[in-house]
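As provided, entry.pdb (PDB, C-alpha atoms) reads as follows.
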```
ATOM      1  CA  MET W 930     163.210  25.346  41.469
ATOM      2  CA  ARG W 931     165.857  25.161  44.155
ATOM      3  CA  LEU W 932     167.963  22.041  44.463
ATOM      4  CA  ALA W 933     166.931  19.477  47.013
ATOM      5  CA  THR W 934     170.260  19.129  48.779
ATOM      6  CA  PRO W 935     173.657  20.838  48.500
ATOM      7  CA  LEU W 936     175.307  17.408  48.755
ATOM      8  CA  LEU W 937     174.051  16.399  45.316
ATOM      9  CA  LYS W 938     175.157  18.431  42.301
ATOM     10  CA  PRO W 939     173.355  17.818  38.977
ATOM     11  CA  ASP W 940     176.588  18.261  37.002
ATOM     12  CA  ALA W 941     178.243  15.395  38.842
ATOM     13  CA  THR W 942     175.254  13.020  38.956
ATOM     14  CA  LEU W 943     174.462  13.498  35.256
ATOM     15  CA  LYS W 944     178.095  13.076  34.193
ATOM     16  CA  ASN W 945     178.179   9.802  36.093
ATOM     17  CA  PHE W 946     174.805   8.734  34.674
ATOM     18  CA  PHE W 947     175.763   9.244  31.011
ATOM     19  CA  HIS W 948     179.230   7.800  31.505
ATOM     20  CA  TYR W 949     177.516   4.461  30.837
ATOM     21  CA  LYS W 950     177.724   3.890  27.083
ATOM     22  CA  SER W 951     174.323   2.233  26.722
ATOM     23  CA  ARG W 952     172.575   5.269  28.238
ATOM     24  CA  PHE W 953     174.641   7.692  26.141
ATOM     25  CA  ALA W 954     173.927   5.837  22.883
ATOM     26  CA  ASP W 955     170.206   5.602  23.685
ATOM     27  CA  ILE W 956     169.665   9.318  24.442
ATOM     28  CA  ILE W 957     171.728  10.432  21.413
ATOM     29  CA  ASN W 958     169.804   8.046  19.133
ATOM     30  CA  LEU W 959     166.595   9.774  20.236
ATOM     31  CA  VAL W 960     167.658  13.427  20.124
ATOM     32  CA  CYS W 961     169.900  13.254  17.043
ATOM     33  CA  PHE W 962     168.593  10.340  14.967
ATOM     34  CA  ASP W 963     164.831  10.297  15.663
ATOM     35  CA  GLY W 964     165.090   7.145  17.731
ATOM     36  CA  GLN W 965     166.860   5.102  15.050
ATOM     37  CA  PRO W 966     169.511   2.732  16.519
ATOM     38  CA  ILE W 967     172.431   4.440  14.775
ATOM     39  CA  LEU W 968     174.707   4.175  17.801
ATOM     40  CA  SER W 969     175.332   1.184  20.027
ATOM     41  CA  ARG W 970     177.448   0.890  23.147
ATOM     42  CA  ASN W 971     180.041  -1.054  21.142
ATOM     43  CA  SER W 972     180.502   1.839  18.709
ATOM     44  CA  LEU W 973     181.489   4.303  21.464
ATOM     45  CA  SER W 974     184.711   5.126  23.246
ATOM     46  CA  ASN W 975     185.062   7.738  25.992
ATOM     47  CA  GLU W 976     187.273  10.720  25.192
ATOM     48  CA  ASP W 977     189.210  13.144  27.391
ATOM     49  CA  THR W 978     186.786  15.874  28.473
ATOM     50  CA  ASP W 979     189.559  18.426  29.092
ATOM     51  CA  MET W 980     189.122  21.239  26.548
ATOM     52  CA  SER W 981     191.928  23.391  27.946
ATOM     53  CA  THR W 982     194.053  24.942  25.225
ATOM     54  CA  VAL W 983     195.962  28.078  24.195
ATOM     55  CA  PHE W 984     195.017  30.257  21.256
ATOM     56  CA  ASP W 985     198.333  31.815  20.169
ATOM     57  CA  PHE W 986     197.555  35.166  18.582
ATOM     58  CA  ASP W 987     201.111  36.455  18.064
ATOM     59  CA  GLU W 988     201.764  38.920  20.898
ATOM     60  CA  HIS W 989     198.501  38.129  22.710
ATOM     61  CA  PRO W 990     198.135  34.401  23.411
ATOM     62  CA  ILE W 991     194.928  33.431  25.217
ATOM     63  CA  SER W 992     194.574  30.393  27.470
ATOM     64  CA  PHE W 993     191.227  28.623  27.779
ATOM     65  CA  ASN W 994     190.471  26.209  30.610
ATOM     66  CA  ALA W 995     187.269  24.135  30.561
ATOM     67  CA  TYR W 996     185.891  20.623  30.773
ATOM     68  CA  ARG W 997     183.092  18.969  28.832
ATOM     69  CA  ASP W 998     180.404  17.137  30.775
ATOM     70  CA  THR W 999     180.608  14.055  28.520
ATOM     71  CA  LEU W1000     182.576  13.522  25.311
ATOM     72  CA  VAL W1001     182.432  10.316  23.273
ATOM     73  CA  LYS W1002     184.026   9.190  20.023
ATOM     74  CA  VAL W1003     181.517   7.312  17.835
ATOM     75  CA  SER W1004     181.816   5.231  14.709
ATOM     76  CA  VAL W1005     179.032   5.470  12.135
ATOM     77  CA  GLY W1006     179.593   3.338   9.040
ATOM     78  CA  GLY W1007     183.299   3.283   9.775
ATOM     79  CA  ILE W1008     183.538   7.095   9.928
ATOM     80  CA  TYR W1009     184.387   8.721  13.243
ATOM     81  CA  ALA W1010     182.722  11.693  14.918
ATOM     82  CA  LEU W1011     182.791  13.290  18.363
ATOM     83  CA  ILE W1012     179.542  13.805  20.276
ATOM     84  CA  ALA W1013     179.355  15.805  23.492
ATOM     85  CA  ILE W1014     176.565  16.165  26.034
ATOM     86  CA  GLU W1015     176.315  19.322  28.137
ATOM     87  CA  ASN W1016     173.809  19.213  31.018
ATOM     88  CA  GLN W1017     171.838  22.312  32.003
ATOM     89  CA  LYS W1018     169.566  22.665  35.034
ATOM     90  CA  ALA W1019     169.103  26.421  34.585
ATOM     91  CA  ILE W1020     168.671  28.596  31.504
ATOM     92  CA  ASP W1021     172.039  29.954  30.359
ATOM     93  CA  TYR W1022     171.747  32.948  28.017
ATOM     94  CA  HIS W1023     175.386  32.626  26.969
ATOM     95  CA  ILE W1024     175.363  28.957  26.063
ATOM     96  CA  PRO W1025     175.718  29.399  22.264
ATOM     97  CA  VAL W1026     179.030  31.171  22.868
ATOM     98  CA  ARG W1027     180.111  28.582  25.433
ATOM     99  CA  THR W1028     179.438  25.595  23.179
ATOM    100  CA  PHE W1029     181.000  27.416  20.226
ATOM    101  CA  VAL W1030     184.216  27.871  22.216
ATOM    102  CA  TYR W1031     184.103  24.236  23.382
ATOM    103  CA  ASP W1032     183.817  22.990  19.813
ATOM    104  CA  ALA W1033     186.482  25.418  18.580
ATOM    105  CA  SER W1034     188.811  24.108  21.302
ATOM    106  CA  SER W1035     188.164  20.527  20.167
ATOM    107  CA  TYR W1036     189.101  21.423  16.587
ATOM    108  CA  LYS W1037     192.125  23.341  17.872
ATOM    109  CA  LYS W1038     193.330  20.245  19.760
ATOM    110  CA  GLN W1039     192.897  18.129  16.644
ATOM    111  CA  TYR W1040     194.948  20.620  14.673
ATOM    112  CA  GLN W1041     197.659  20.581  17.346
ATOM    113  CA  ASP W1042     197.722  16.767  17.236
ATOM    114  CA  TYR W1043     198.164  16.990  13.455
ATOM    115  CA  LEU W1044     201.141  19.348  13.843
ATOM    116  CA  ASP W1045     202.742  16.959  16.330
ATOM    117  CA  GLU W1046     202.186  14.032  13.966
ATOM    118  CA  LYS W1047     203.585  16.081  11.066
ATOM    119  CA  LYS W1048     206.913  16.365  12.886
ATOM    120  CA  ARG W1049     207.175  12.565  12.949
ATOM    121  CA  ASN W1050     205.538  11.838   9.604
ATOM    122  CA  LYS W1051     205.795  14.390   6.815
ATOM    123  CA  GLU W1052     203.127  12.474   4.871
ATOM    124  CA  ALA W1053     200.515  13.110   7.561
ATOM    125  CA  LYS W1054     197.377  14.879   6.358
ATOM    126  CA  LEU W1055     194.941  16.991   8.301
ATOM    127  CA  LYS W1056     191.450  15.528   8.490
ATOM    128  CA  LEU W1057     189.243  16.948  11.204
ATOM    129  CA  ILE W1058     186.781  14.742  13.072
ATOM    130  CA  PRO W1059     183.319  16.391  13.121
ATOM    131  CA  ILE W1060     181.927  17.453  16.487
ATOM    132  CA  ILE W1061     178.299  17.580  17.625
ATOM    133  CA  THR W1062     177.400  19.158  20.954
ATOM    134  CA  VAL W1063     173.982  18.419  22.459
ATOM    135  CA  VAL W1064     172.685  20.441  25.405
ATOM    136  CA  LEU W1065     170.163  18.593  27.579
ATOM    137  CA  TYR W1066     168.054  21.046  29.567
ATOM    138  CA  TYR W1067     166.304  19.711  32.699
ATOM    139  CA  GLY W1068     164.722  22.861  34.156
ATOM    140  CA  GLU W1069     161.041  23.323  34.959
ATOM    141  CA  ARG W1070     160.639  26.529  32.930
ATOM    142  CA  LYS W1071     160.377  26.382  29.164
ATOM    143  CA  TRP W1072     163.709  27.236  27.527
ATOM    144  CA  SER W1073     163.659  30.961  26.718
ATOM    145  CA  GLY W1074     167.347  31.535  26.009
ATOM    146  CA  PRO W1075     169.063  31.763  22.605
ATOM    147  CA  ARG W1076     169.724  28.551  20.685
ATOM    148  CA  THR W1077     172.233  29.825  18.104
ATOM    149  CA  LEU W1078     174.873  32.519  17.827
ATOM    150  CA  LEU W1079     172.640  34.527  15.502
ATOM    151  CA  ASP W1080     169.943  34.550  18.190
ATOM    152  CA  MET W1081     172.376  36.639  20.240
ATOM    153  CA  MET W1082     172.984  39.211  17.479
ATOM    154  CA  GLU W1083     171.218  42.128  15.891
ATOM    155  CA  LEU W1084     172.031  42.053  12.181
ATOM    156  CA  PRO W1085     171.309  44.499   9.353
ATOM    157  CA  GLU W1086     169.106  42.962   6.693
ATOM    158  CA  GLU W1087     171.973  43.023   4.197
ATOM    159  CA  MET W1088     174.109  40.707   6.356
ATOM    160  CA  LYS W1089     171.475  38.091   7.052
ATOM    161  CA  GLY W1090     172.173  34.872   5.205
ATOM    162  CA  ILE W1091     175.923  35.430   4.936
ATOM    163  CA  MET W1092     176.845  35.284   8.633
ATOM    164  CA  ASN W1093     178.207  31.990   9.950
ATOM    165  CA  ASP W1094     175.979  30.530  12.642
ATOM    166  CA  TRP W1095     176.446  27.933  15.376
ATOM    167  CA  ASN W1096     173.517  25.764  16.410
ATOM    168  CA  THR W1097     173.637  24.791  20.079
ATOM    169  CA  HIS W1098     171.258  21.805  19.707
ATOM    170  CA  ILE W1099     169.368  22.536  22.918
ATOM    171  CA  ILE W1100     167.018  19.705  23.870
ATOM    172  CA  ASP W1101     164.335  20.409  26.466
ATOM    173  CA  VAL W1102     163.854  16.985  28.058
ATOM    174  CA  LYS W1103     160.276  17.897  29.044
ATOM    175  CA  GLU W1104     159.384  17.751  25.340
ATOM    176  CA  LEU W1105     160.947  14.348  24.615
ATOM    177  CA  ASP W1106     158.846  11.276  23.863
ATOM    178  CA  ALA W1107     160.404   9.054  26.505
ATOM    179  CA  SER W1108     158.590   5.973  25.155
ATOM    180  CA  LEU W1109     161.088   5.991  22.270
ATOM    181  CA  LEU W1110     163.983   5.408  24.672
ATOM    182  CA  THR W1111     165.115   1.798  24.915
ATOM    183  CA  ASP W1112     167.215   2.121  28.073
ATOM    184  CA  LYS W1113     164.982   1.776  31.150
ATOM    185  CA  ASP W1114     167.108   4.117  33.292
ATOM    186  CA  ASN W1115     166.911   6.829  30.615
ATOM    187  CA  ARG W1116     163.168   6.348  30.322
ATOM    188  CA  ASP W1117     162.650   6.469  34.097
ATOM    189  CA  LEU W1118     164.786   9.613  34.371
ATOM    190  CA  ILE W1119     163.033  11.563  31.611
ATOM    191  CA  GLU W1120     159.506  10.376  32.441
ATOM    192  CA  GLY W1121     160.169  10.872  36.146
ATOM    193  CA  LEU W1122     161.238  14.478  35.655
ATOM    194  CA  GLN W1123     158.339  15.185  33.275
ATOM    195  CA  MET W1124     155.792  13.755  35.716
ATOM    196  CA  PHE W1125     157.356  15.528  38.697
ATOM    197  CA  TYR W1126     156.858  18.883  36.981
ATOM    198  CA  LYS W1127     153.385  17.917  35.746
ATOM    199  CA  TRP W1128     152.301  16.835  39.228
ATOM    200  CA  GLN W1129     153.795  20.011  40.689
ATOM    201  CA  GLY W1130     156.301  18.245  42.873
ATOM    202  CA  ASP W1131     154.045  15.493  44.252
ATOM    203  CA  LEU W1132     156.139  12.377  44.907
ATOM    204  CA  GLU W1133     153.111  10.034  44.697
ATOM    205  CA  PHE W1134     153.662   9.301  41.003
ATOM    206  CA  PHE W1135     156.964   7.605  41.919
ATOM    207  CA  LYS W1136     154.963   4.889  43.679
ATOM    208  CA  GLU W1137     154.019   3.389  40.323
ATOM    209  CA  ARG W1138     157.629   2.618  39.469
ATOM    210  CA  LYS W1139     160.631   0.493  40.170
ATOM    211  CA  MET W1140     163.804   2.469  39.578
ATOM    212  CA  SER W1141     167.528   1.884  39.785
ATOM    213  CA  ARG W1142     169.418   3.627  42.571
ATOM    214  CA  ASP W1143     171.382   5.580  39.927
ATOM    215  CA  THR W1144     168.174   7.016  38.488
ATOM    216  CA  VAL W1145     166.715   7.994  41.861
ATOM    217  CA  ILE W1146     169.955   9.746  42.831
ATOM    218  CA  VAL W1147     169.996  11.763  39.592
ATOM    219  CA  LEU W1148     166.337  12.736  40.064
ATOM    220  CA  ALA W1149     167.074  13.739  43.656
ATOM    221  CA  SER W1150     169.791  16.100  42.402
ATOM    222  CA  LEU W1151     167.375  17.759  39.970
ATOM    223  CA  VAL W1152     164.110  18.211  41.893
ATOM    224  CA  ASP W1153     163.179  20.345  44.879
ATOM    225  CA  LYS W1154     162.158  17.365  47.031
ATOM    226  CA  GLY W1155     165.394  15.524  46.498
ATOM    227  CA  GLU W1156     166.141  15.232  50.202
ATOM    228  CA  GLU W1157     162.880  13.351  50.778
ATOM    229  CA  LEU W1158     163.652  11.069  47.832
ATOM    230  CA  LEU W1159     167.068  10.311  49.298
ATOM    231  CA  LYS W1160     165.592   9.521  52.709
ATOM    232  CA  ILE W1161     163.126   7.144  51.084
ATOM    233  CA  VAL W1162     165.822   5.035  49.423
ATOM    234  CA  ARG W1163     168.764   5.661  51.753
ATOM    235  CA  LYS W1164     168.414   2.350  53.604
ATOM    236  CA  GLU W1165     167.567   0.306  50.512
ATOM    237  CA  GLU W1166     170.370  -2.081  49.634
ATOM    238  CA  LYS W1167     168.899  -3.336  46.354
ATOM    239  CA  GLU W1168     170.081  -1.919  43.036
ATOM    240  CA  GLU W1169     166.455  -1.746  41.847
ATOM    241  CA  ILE W1170     164.072  -0.050  44.233
ATOM    242  CA  ASP W1171     160.330  -0.656  44.505
ATOM    243  CA  MET W1172     159.297   2.952  45.051
ATOM    244  CA  CYS W1173     155.755   2.071  46.161
ATOM    245  CA  GLU W1174     156.987  -0.149  48.973
ATOM    246  CA  SER W1175     159.816   2.229  49.894
ATOM    247  CA  ILE W1176     157.593   5.314  50.065
ATOM    248  CA  ASP W1177     154.933   3.473  52.099
ATOM    249  CA  ASN W1178     157.543   2.180  54.569
ATOM    250  CA  PHE W1179     159.142   5.607  54.840
ATOM    251  CA  ARG W1180     155.836   7.324  55.567
ATOM    252  CA  LYS W1181     154.635   4.636  57.992
ATOM    253  CA  LYS W1182     157.899   5.000  59.882
ATOM    254  CA  ALA W1183     157.564   8.783  59.864
ATOM    255  CA  VAL W1184     154.002   8.550  61.222
ATOM    256  CA  GLN W1185     155.065   6.072  63.934
ATOM    257  CA  GLU W1186     157.998   8.286  64.925
ATOM    258  CA  GLY W1187     155.600  11.225  65.103
ATOM    259  CA  ILE W1188     153.200   9.278  67.319
ATOM    260  CA  THR W1189     156.036   8.111  69.588
ATOM    261  CA  GLN W1190     157.415  11.635  69.894
ATOM    262  CA  GLY W1191     153.930  12.927  70.639
ATOM    263  CA  ILE W1192     153.431  10.343  73.395
ATOM    264  CA  GLU W1193     156.840  11.131  74.869
ATOM    265  CA  ARG W1194     156.061  14.842  74.840
ATOM    266  CA  GLY W1195     152.674  14.131  76.433
ATOM    267  CA  ILE W1196     154.231  12.004  79.196
ATOM    268  CA  THR W1197     156.859  14.667  79.859
ATOM    269  CA  GLN W1198     154.245  17.404  79.993
ATOM    270  CA  GLY W1199     152.043  15.243  82.236
ATOM    271  CA  ILE W1200     154.876  14.643  84.703
ATOM    272  CA  GLU W1201     155.693  18.341  84.840
ATOM    273  CA  GLN W1202     152.043  19.248  85.389
ATOM    274  CA  GLY W1203     151.795  16.652  88.152
ATOM    275  CA  ILE W1204     154.905  17.982  89.911
ATOM    276  CA  CYS W1205     153.577  21.525  89.549
ATOM    277  CA  LEU W1206     150.203  20.672  91.135
ATOM    278  CA  VAL W1207     151.795  18.817  94.051
ATOM    279  CA  ILE W1208     154.205  21.696  94.762
ATOM    280  CA  MET W1209     151.475  24.348  94.686
ATOM    281  CA  LYS W1210     149.280  22.222  96.966
ATOM    282  CA  GLN W1211     152.100  21.923  99.501
ATOM    283  CA  LEU W1212     152.977  25.627  99.283
ATOM    284  CA  LYS W1213     149.334  26.660  99.800
ATOM    285  CA  LYS W1214     149.163  24.371 102.805
ATOM    286  CA  LYS W1215     152.368  25.848 104.228
ATOM    287  CA  LEU W1216     151.853  29.557 103.398
ATOM    288  CA  GLY W1217     148.050  29.630 103.467
ATOM    289  CA  TYR W1218     147.893  31.575 100.205
ATOM    290  CA  LEU W1219     149.566  31.845  96.753
ATOM    291  CA  SER W1220     149.215  34.973  94.623
ATOM    292  CA  SER W1221     148.311  34.630  90.935
ATOM    293  CA  GLU W1222     151.777  35.972  90.072
ATOM    294  CA  VAL W1223     153.475  33.151  91.975
ATOM    295  CA  VAL W1224     151.107  30.552  90.515
ATOM    296  CA  THR W1225     151.935  31.748  86.969
ATOM    297  CA  MET W1226     155.649  31.713  87.733
ATOM    298  CA  ILE W1227     155.497  28.135  89.031
ATOM    299  CA  GLU W1228     153.397  26.972  86.051
ATOM    300  CA  ASN W1229     155.970  28.427  83.627
ATOM    301  CA  SER W1230     158.947  26.897  85.414
ATOM    302  CA  SER W1231     161.121  24.213  83.845
ATOM    303  CA  ARG W1232     161.190  20.688  85.176
ATOM    304  CA  GLU W1233     164.610  21.361  86.717
ATOM    305  CA  GLN W1234     163.251  24.447  88.514
ATOM    306  CA  LEU W1235     160.266  22.496  89.824
ATOM    307  CA  GLU W1236     162.475  19.715  91.135
ATOM    308  CA  LYS W1237     164.674  22.316  92.876
ATOM    309  CA  LEU W1238     161.582  23.933  94.383
ATOM    310  CA  ALA W1239     160.338  20.559  95.636
ATOM    311  CA  VAL W1240     163.661  19.877  97.366
ATOM    312  CA  GLU W1241     163.786  23.329  99.036
ATOM    313  CA  ILE W1242     160.105  23.561  99.953
ATOM    314  CA  VAL W1243     160.830  22.922 103.641
ATOM    315  CA  SER W1244     162.986  26.070 103.899
ATOM    316  CA  ILE W1245     160.491  28.402 102.157
ATOM    317  CA  LYS W1246     158.950  30.950 104.569
ATOM    318  CA  ASP W1247     157.100  33.294 102.156
ATOM    319  CA  GLU W1248     156.495  34.062  98.459
ATOM    320  CA  HIS W1249     159.693  36.106  98.294
ATOM    321  CA  ASP W1250     161.679  32.922  98.954
ATOM    322  CA  ILE W1251     159.902  31.287  95.982
ATOM    323  CA  PHE W1252     160.865  34.215  93.694
ATOM    324  CA  VAL W1253     164.488  34.114  94.819
ATOM    325  CA  LEU W1254     164.725  30.350  94.461
ATOM    326  CA  LEU W1255     163.256  30.161  90.944
ATOM    327  CA  GLN W1256     165.156  33.210  89.647
ATOM    328  CA  SER W1257     168.472  31.916  90.971
ATOM    329  CA  TYR W1258     168.216  28.628  89.011
TER     330      TYR W1258
END
```

Could you rewrite the structure in this file as structure tokens?
Amino acid sequence: MRLATPLLKPDATLKNFFHYKSRFADIINLVCFDGQPILSRNSLSNEDTDMSTVFDFDEHPISFNAYRDTLVKVSVGGIYALIAIENQKAIDYHIPVRTFVYDASSYKKQYQDYLDEKKRNKEAKLKLIPIITVVLYYGERKWSGPRTLLDMMELPEEMKGIMNDWNTHIIDVKELDASLLTDKDNRDLIEGLQMFYKWQGDLEFFKERKMSRDTVIVLASLVDKGEELLKIVRKEEKEEIDMCESIDNFRKKAVQEGITQGIERGITQGIEQGICLVIMKQLKKKLGYLSSEVVTMIENSSREQLEKLAVEIVSIKDEHDIFVLLQSY
């Protein structure tokens, strides 16, 4: 599905959404730990998402420049790990390689930090912090891309089982049981997206909910009716939005504006028709006759042309004068 508005980018809205530790801990507890409360907001600390590094291969060093969407350091039983979230709106057939390089860069940075520490403390020991990358996929289509490095390879039977693999941990949010989420914003986001796809883009299901502005903005960046969603909540000042009331008010206002515009158009058209009839009556009285060609020309004239014709009607001597006058304006 196309994005609702170019002003909202899913990458940015989702990064901002999961920057909040309670939301991050909640979604990771569901997708990695079967809903068990392994992580809490107090066990998390945000890490630098810059994965830029240089792989120095003797005569051919290679620079790598990239940023994670979200990277958090977690403590589980006093042992640290790094967990990253990558957000995907579209299917990416190269994502196993991309996440593999991201994780390799993280380990490379840890190794570089160890070398720097070694210069100051010869007793320093290398102990890598494990990294888990989770890809959250928000698209309407079922994920059809590869999930591991081996999915991207054709291997002889003899090599199967001995090749190193790299699991991308792709989570299709349409398949999540959102009722297991404890954070309301997470639940509204996942259920909202699931229902939007199920209802084939009908916004009516939103009317059953009260949502935070953050959640509505993220949904607007993901769905094809995002611009309408934004218009619905744009003038709401509350942090929590009653979608039923907001949608009803938005649509009532839209209907009223439509009626008003219709009346205005009708009045304008009525005035023009009235001017047209008066002018033709006067011209028939003055010239004694109006050809169908002249009648059609007058009927198709703009209001400005009609007003000009009304002003100059005294000087008109024949139909030719009418043609010249209307064509010159």

Quiz item: What do you get, as a list in words, if you spell out every residue that the PyMOL selection byres ((chain W and resi 1027) around 12) selects here?
Solution: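 Selected by the PyMOL selection byres ((chain W and resi 1027) around 12) here: Met980, Phe993, Asn994, Ala995, Tyr996, Arg997, Glu1015, Asp1021, Tyr1022, His1023, Ile1024, Pro1025, Val1026, Thr1028, Phe1029, Val1030, Tyr1031, Asp1032, Ala1033, Ser1034, Thr1062, Val1064, Pro1075, Arg1076, Thr1077, Leu1078, Trp1095, Asn1096 and Thr1097 of chain W.
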
Deliver the residues from the most recent selection as a file, using C-alpha atoms, as a JSON list (two decimals), in the coordinates of the input.
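Resulting contents of result_16.json:
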```json
[["chain", "number", "residue", "atom", "x", "y", "z"],
["W", 980, "MET", "CA", 189.12, 21.24, 26.55],
["W", 993, "PHE", "CA", 191.23, 28.62, 27.78],
["W", 994, "ASN", "CA", 190.47, 26.21, 30.61],
["W", 995, "ALA", "CA", 187.27, 24.14, 30.56],
["W", 996, "TYR", "CA", 185.89, 20.62, 30.77],
["W", 997, "ARG", "CA", 183.09, 18.97, 28.83],
["W", 1015, "GLU", "CA", 176.32, 19.32, 28.14],
["W", 1021, "ASP", "CA", 172.04, 29.95, 30.36],
["W", 1022, "TYR", "CA", 171.75, 32.95, 28.02],
["W", 1023, "HIS", "CA", 175.39, 32.63, 26.97],
["W", 1024, "ILE", "CA", 175.36, 28.96, 26.06],
["W", 1025, "PRO", "CA", 175.72, 29.40, 22.26],
["W", 1026, "VAL", "CA", 179.03, 31.17, 22.87],
["W", 1028, "THR", "CA", 179.44, 25.60, 23.18],
["W", 1029, "PHE", "CA", 181.00, 27.42, 20.23],
["W", 1030, "VAL", "CA", 184.22, 27.87, 22.22],
["W", 1031, "TYR", "CA", 184.10, 24.24, 23.38],
["W", 1032, "ASP", "CA", 183.82, 22.99, 19.81],
["W", 1033, "ALA", "CA", 186.48, 25.42, 18.58],
["W", 1034, "SER", "CA", 188.81, 24.11, 21.30],
["W", 1062, "THR", "CA", 177.40, 19.16, 20.95],
["W", 1064, "VAL", "CA", 172.68, 20.44, 25.40],
["W", 1075, "PRO", "CA", 169.06, 31.76, 22.60],
["W", 1076, "ARG", "CA", 169.72, 28.55, 20.68],
["W", 1077, "THR", "CA", 172.23, 29.82, 18.10],
["W", 1078, "LEU", "CA", 174.87, 32.52, 17.83],
["W", 1095, "TRP", "CA", 176.45, 27.93, 15.38],
["W", 1096, "ASN", "CA", 173.52, 25.76, 16.41],
["W", 1097, "THR", "CA", 173.64, 24.79, 20.08]]
```

Self-check item: Two-atom distance - atom CA of Pro1059 of chain W, atom CA of Ile1020 of chain W (Å)
Solution: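 We find that atom CA of Pro1059 of chain W and atom CA of Ile1020 of chain W lie 26.5 Å from each other.
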
Quiz item: What does the distance between atom CA of Ser972 of chain W and atom CA of Leu1044 of chain W come to in Å, to one decimal place?
Solution: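 Atom CA of Leu1044 of chain W lies 27.5 Å from atom CA of Ser972 of chain W.
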
Quiz item: Smallest atom-to-atom distance to Val1003 of chain W: which of W:Lys1018, W:Lys938, W:Lys950, W:Lys1237, using only C-alpha atoms?
Solution: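 For Val1003 of chain W, the nearest of the candidates is W:Lys950.
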
Quiz item: atom CA of Met1124 of chain W and atom CA of Lys944 of chain W, how far apart in Å?
Solution: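 Those two atoms sit 22.4 Å apart.
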
Quiz item: Which neighbours of Val1145 of chain W fall inside 9 Å, counting all atoms listed in the file, when residues of the same chain fewer than 4 positions from it are skipped, and could you give them as number ranges by chain?
Solution: W: 1117-1118, 1140-1141, 1149-1150, 1155, 1158-1159, 1162, 1170

Self-check item: Selection as a ChimeraX atom specification: residues within 8 Å of (167.7, 13.1, 24.3), counting all atoms listed in the file
Solution: /W:955-961,1065,1100,1102,1105

Self-check item: Selection near Asn1229 of chain W, 12 Å with only C-alpha atoms, sequence-local residues under 5 positions removed, as a ChimeraX atom specification
Solution: /W:1198,1201-1202,1205,1222-1224,1234-1235,1255-1256

Quiz item: Skipping near chain neighbours, those fewer than 5 positions away, what residues fall within 12 Å of Glu1248 of chain W using all atoms listed in the file, listed as a VMD selection string?
Solution: chain W and resid 1209 1212 to 1213 1215 to 1224 1226 to 1227 1242 1253 to 1255

Exercise. Excluding Thr999 of chain W and residues on its chain fewer than 6 positions from it, collect all residues at most 8 Å away from it, counting all atoms listed in the file, and give them as JSON, numbers by chain.
Key: {"W": [944, 947, 948, 978, 1013, 1014, 1015]}

Self-check item: Exercise: Asn975 of chain W partners within 7 Å, all atoms listed in the file, chain neighbours under 6 positions left out, as number ranges by chain
Solution: W: 1000-1002

Keeping C-alpha atoms, export the residues of the selection given above as a short mmCIF file (atom, residue, chain, number, x, y, z; two decimals), keeping the file's coordinate frame.
```cif
data_model
loop_
_atom_site.label_atom_id
_atom_site.label_comp_id
_atom_site.auth_asym_id
_atom_site.auth_seq_id
_atom_site.Cartn_x
_atom_site.Cartn_y
_atom_site.Cartn_z
CA LEU W 1000 182.58 13.52 25.31
CA VAL W 1001 182.43 10.32 23.27
CA LYS W 1002 184.03 9.19 20.02
#
```

Quiz item: Counting all atoms listed in the file, which of W:Val1005, W:Met1082, W:Val1207, W:Ala1010 gets nearest to Leu1057 of chain W?
Solution: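 When distances to Leu1057 of chain W are compared using all atoms listed in the file, the smallest one comes from W:Ala1010.
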
Practice problem: For each of W:Met1088, W:Lys1113, W:Ile1060, W:Val1147, take the minimum atom-to-atom distance to Asp940 of chain W, counting all atoms listed in the file, then give the residue where this is smallest. | Solution: W:Val1147

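Among W:Asp977, W:Gln1041, W:Phe1252, W:Ser1035, the residue with the shortest atom-to-atom distance to Thr1225 of chain W, counting all atoms listed in the file, is W:Phe1252.
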
Exercise. Please write as an NGL selection string the full residue list that the PyMOL selection byres ((chain W and resi 1040) around 12) yields on this file.
Key: :W and (982 or 984 or 1033-1039 or 1041-1047 or 1053-1058)
